[in-house]
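For reference, the structure discussed in these notes is given below.
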Amino acid sequence: MAFLLTEEAKFVKSVFNTSQLPAPDQMEIAFAGRSNVGKSSLINKLLNRKNLVKVSSLPGKTQSLNFFLVGQDLYLVDLPGYGFAKVPRKIKNDWKGLISSYILNRETLICVVVIVDLRHEVKAQDLELVTWLKNENKPLLLVYTKQDKLTANKRLHQAAILDAGFGIAREERVLFSAKTGEGREDLIARLEEFAG
Ligand SMILES: Nc1nc2c(ncn2[C@@H]2O[C@H](COP(=O)(O)OP(=O)(O)O)[C@@H](O)[C@H]2O)c(=O)[nH]1
Ligand SMILES: [Mg+2]
């Protein structure tokens, strides 16, 4: 399977409603998570790029699905971050509608990567998303990121708490750091499994 994350990657387009989605002619991996969790940083690290995906100091800024083409046959999709309190309810509901219809209907989507902060407890919106994906039988991988901020002992302790909270097995998640790159190889290997 040609799935080389070392290949050239480029921004393709931002999608604000489902009519703007690119033709479903590539495998696709989507990245979801709360605003500021480190989604953009993770995608950049995965692709070994400094700033292909803008790392934002303004939480909640990304309101579109941002498509990046890797090589010839893989899209990475940066989904809008959720959980940012200052966003009006109307806009929140629009995002939810766009994201859920995209995830439910996108036939080329091979995995939804849900990114959470290893330091935090299980948050309601993360659990809601994970539970929904499971109920819809959507392929899912959890990434516990920012592990560089914890000592080795604390990492394992926190990971076990999150595993229990999400009700997942160790095989269903990866520990990661966009700062140090720890977990990058592991993440790529897992994603390759989804590609089949
Ligand atoms: N220490 C550390 N900081 C991170 C990591 N990932 C992201 N950050 C920081 O967290 C903030 C939000 O990152 P960003 O990628 O924009 O988050 P997004 O809103 O989920 O896309 C930025 O200040 C990043 O530098 C990580 O793995 N370790
Ligand atoms: Mg971002």
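Naming scheme: A, B, ... for chains in displayed order of the structure tokens; residues 1 onward per chain; ligands 1 onward as shown.
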
Give one line per residue of region 51-154 of chain A that approaches region 159-171 of chain A to at most 9 Å, naming the two atoms of the closest pair and their distance in Å to one decimal, counting only C-alpha atoms; sort by chain then ascending residue number and deliver it as JSON lines.
```
{"residue": "A:Leu118", "atom": "CA", "partner": "A:Ala159", "partner_atom": "CA", "distance": 6.6}
{"residue": "A:Arg119", "atom": "CA", "partner": "A:Ala159", "partner_atom": "CA", "distance": 8.7}
{"residue": "A:His120", "atom": "CA", "partner": "A:Leu162", "partner_atom": "CA", "distance": 8.5}
{"residue": "A:Glu121", "atom": "CA", "partner": "A:Leu162", "partner_atom": "CA", "distance": 6.8}
{"residue": "A:Val122", "atom": "CA", "partner": "A:Gly165", "partner_atom": "CA", "distance": 6.0}
{"residue": "A:Asp126", "atom": "CA", "partner": "A:Phe166", "partner_atom": "CA", "distance": 8.6}
{"residue": "A:Leu127", "atom": "CA", "partner": "A:Phe166", "partner_atom": "CA", "distance": 6.2}
{"residue": "A:Val130", "atom": "CA", "partner": "A:Phe166", "partner_atom": "CA", "distance": 7.3}
{"residue": "A:Thr131", "atom": "CA", "partner": "A:Phe166", "partner_atom": "CA", "distance": 8.0}
{"residue": "A:Leu141", "atom": "CA", "partner": "A:Glu171", "partner_atom": "CA", "distance": 8.9}
{"residue": "A:Leu142", "atom": "CA", "partner": "A:Ile168", "partner_atom": "CA", "distance": 9.0}
{"residue": "A:Tyr144", "atom": "CA", "partner": "A:Ala159", "partner_atom": "CA", "distance": 7.4}
{"residue": "A:Lys154", "atom": "CA", "partner": "A:Ala159", "partner_atom": "CA", "distance": 8.3}
```

Only C-alpha atoms, please: the residues just picked out, written as a PDB file, in the first residue's frame.
```pdb
ATOM      1  CA  LEU A 118      -2.818  13.067  27.937  1.00  0.00           C
ATOM      2  CA  ARG A 119      -2.793  15.331  30.993  1.00  0.00           C
ATOM      3  CA  HIS A 120      -6.521  15.843  31.204  1.00  0.00           C
ATOM      4  CA  GLU A 121      -9.399  13.735  32.446  1.00  0.00           C
ATOM      5  CA  VAL A 122     -11.927  12.344  29.961  1.00  0.00           C
ATOM      6  CA  ASP A 126     -14.467  13.665  23.616  1.00  0.00           C
ATOM      7  CA  LEU A 127     -16.370  10.773  25.150  1.00  0.00           C
ATOM      8  CA  VAL A 130     -15.789   8.383  20.688  1.00  0.00           C
ATOM      9  CA  THR A 131     -19.059   6.751  21.743  1.00  0.00           C
ATOM     10  CA  LEU A 141      -7.917   5.688  16.704  1.00  0.00           C
ATOM     11  CA  LEU A 142      -7.318   7.682  19.863  1.00  0.00           C
ATOM     12  CA  TYR A 144      -3.103  10.909  23.675  1.00  0.00           C
ATOM     13  CA  LYS A 154       2.723   9.836  34.953  1.00  0.00           C
TER      14      LYS A 154
END
```

Review point. Please, which residues have at least one atom within 7 Å of an atom of ligand 1, using only C-alpha atoms and all ligand atoms, listed as a list in words?
Key: Gly33, Arg34, Ser35, Asn36, Val37, Gly38, Lys39, Ser40, Ser41, Leu42, Lys54, Val55, Ser56, Ser57, Pro59, Gly60, Gly81, Thr145, Lys146, Gln147, Asp148, Lys149, Phe176, Ser177, Ala178 and Lys179 of chain A

Output C-alpha atoms for every residue in that selection, as a PDB file, in the first residue's frame.
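Below is the file that was written, selection06.pdb:
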```pdb
ATOM      1  CA  GLY A  33     -10.254  17.034  18.863  1.00  0.00           C
ATOM      2  CA  ARG A  34     -10.949  19.941  21.139  1.00  0.00           C
ATOM      3  CA  SER A  35      -9.641  23.346  20.136  1.00  0.00           C
ATOM      4  CA  ASN A  36      -6.008  23.751  21.125  1.00  0.00           C
ATOM      5  CA  VAL A  37      -5.452  20.057  21.835  1.00  0.00           C
ATOM      6  CA  GLY A  38      -2.615  19.986  19.295  1.00  0.00           C
ATOM      7  CA  LYS A  39      -4.368  18.717  16.163  1.00  0.00           C
ATOM      8  CA  SER A  40      -2.548  20.952  13.703  1.00  0.00           C
ATOM      9  CA  SER A  41       0.775  20.310  15.439  1.00  0.00           C
ATOM     10  CA  LEU A  42       0.201  16.569  15.187  1.00  0.00           C
ATOM     11  CA  LYS A  54      -1.327  26.579  10.850  1.00  0.00           C
ATOM     12  CA  VAL A  55      -0.749  26.210  14.570  1.00  0.00           C
ATOM     13  CA  SER A  56      -3.172  28.665  16.028  1.00  0.00           C
ATOM     14  CA  SER A  57      -2.916  30.868  19.058  1.00  0.00           C
ATOM     15  CA  PRO A  59      -8.606  28.605  19.836  1.00  0.00           C
ATOM     16  CA  GLY A  60     -11.695  27.747  17.858  1.00  0.00           C
ATOM     17  CA  GLY A  81     -11.908  21.897  16.855  1.00  0.00           C
ATOM     18  CA  THR A 145      -0.897  13.868  22.893  1.00  0.00           C
ATOM     19  CA  LYS A 146       1.413  16.312  24.704  1.00  0.00           C
ATOM     20  CA  GLN A 147       3.059  13.405  26.513  1.00  0.00           C
ATOM     21  CA  ASP A 148       6.258  15.452  26.701  1.00  0.00           C
ATOM     22  CA  LYS A 149       4.597  17.452  29.464  1.00  0.00           C
ATOM     23  CA  PHE A 176       2.238  11.074  21.065  1.00  0.00           C
ATOM     24  CA  SER A 177       4.134  14.335  21.310  1.00  0.00           C
ATOM     25  CA  ALA A 178       4.217  16.902  18.540  1.00  0.00           C
ATOM     26  CA  LYS A 179       7.031  18.619  20.385  1.00  0.00           C
TER      27      LYS A 179
END
```

**Study point:** Non-local contacts of Leu76 (chain A) (12 Å; only C-alpha atoms; under 2 positions in same chain excluded) as a ChimeraX atom specification
**Key:** /A:3,5,9-14,26-32,39-40,42-44,46-47,52-53,65-74,78-79,108-113,191

Check your understanding: chain A: which residues are helix (DSSP H, G or I) by DSSP, as number ranges by chain?
Key -> A: 18-20, 39-46, 89-105, 124-135, 147-149, 152-166, 170-172, 184-195

Practice item. Take CA of Ile188 (chain A) and CA of Thr18 (chain A) and report the distance between them in Å, one decimal. Key: 28.0 Å

Review point. What does the distance between CA of Pro139 (chain A) and CA of Arg155 (chain A) come to in Å, to one decimal place?
Key: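 The value is 24.9 Å.
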
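Taking only C-alpha atoms and all ligand atoms into account, ligand 2 lies nearest to A:Tyr82 out of the set A:Leu104, A:Asp25, A:Asn48, A:Tyr82.
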
Practice item. Per DSSP on the backbone, filter region 49-171 of chain A down to the residues in strand (DSSP E) and report them as a list in words. Key: Leu65, Asn66, Phe67, Phe68, Leu69, Val70, Leu74, Tyr75, Leu76, Val77, Asp78, Leu109, Ile110, Cys111, Val112, Val113, Val114, Ile115, Val116, Asp117, Leu140, Leu141, Leu142, Val143, Tyr144 and Thr145 of chain A

Review point. What gap, in Å, lies between CA of Glu8 (chain A) and CA of Asn105 (chain A)?
Key: 27.6 Å

Point to revise | Given only C-alpha atoms and all ligand atoms as the counted atoms, nearest of A:Asn17, A:Ile115, A:Asp94, A:Glu107 to ligand 2 | key: A:Ile115

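Of the residues listed (A:Gln125, A:Lys138, A:Gln20, A:Val15), A:Val15 shows the shortest atom-to-atom separation from Pro80 (chain A); distances use only C-alpha atoms.
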
Point to revise | Nearest residue to ligand 2 from the set A:Leu175, A:Ala23, A:Ala124, A:Val77 (distances using only C-alpha atoms and all ligand atoms) | key: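 Smallest separation from ligand 2 among the options: A:Val77.
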
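Among the candidate residues A:Gln63, A:Val143, A:Trp132, A:Val174, the one lying nearest to ligand 2 is A:Gln63, with distances computed using only C-alpha atoms and all ligand atoms.
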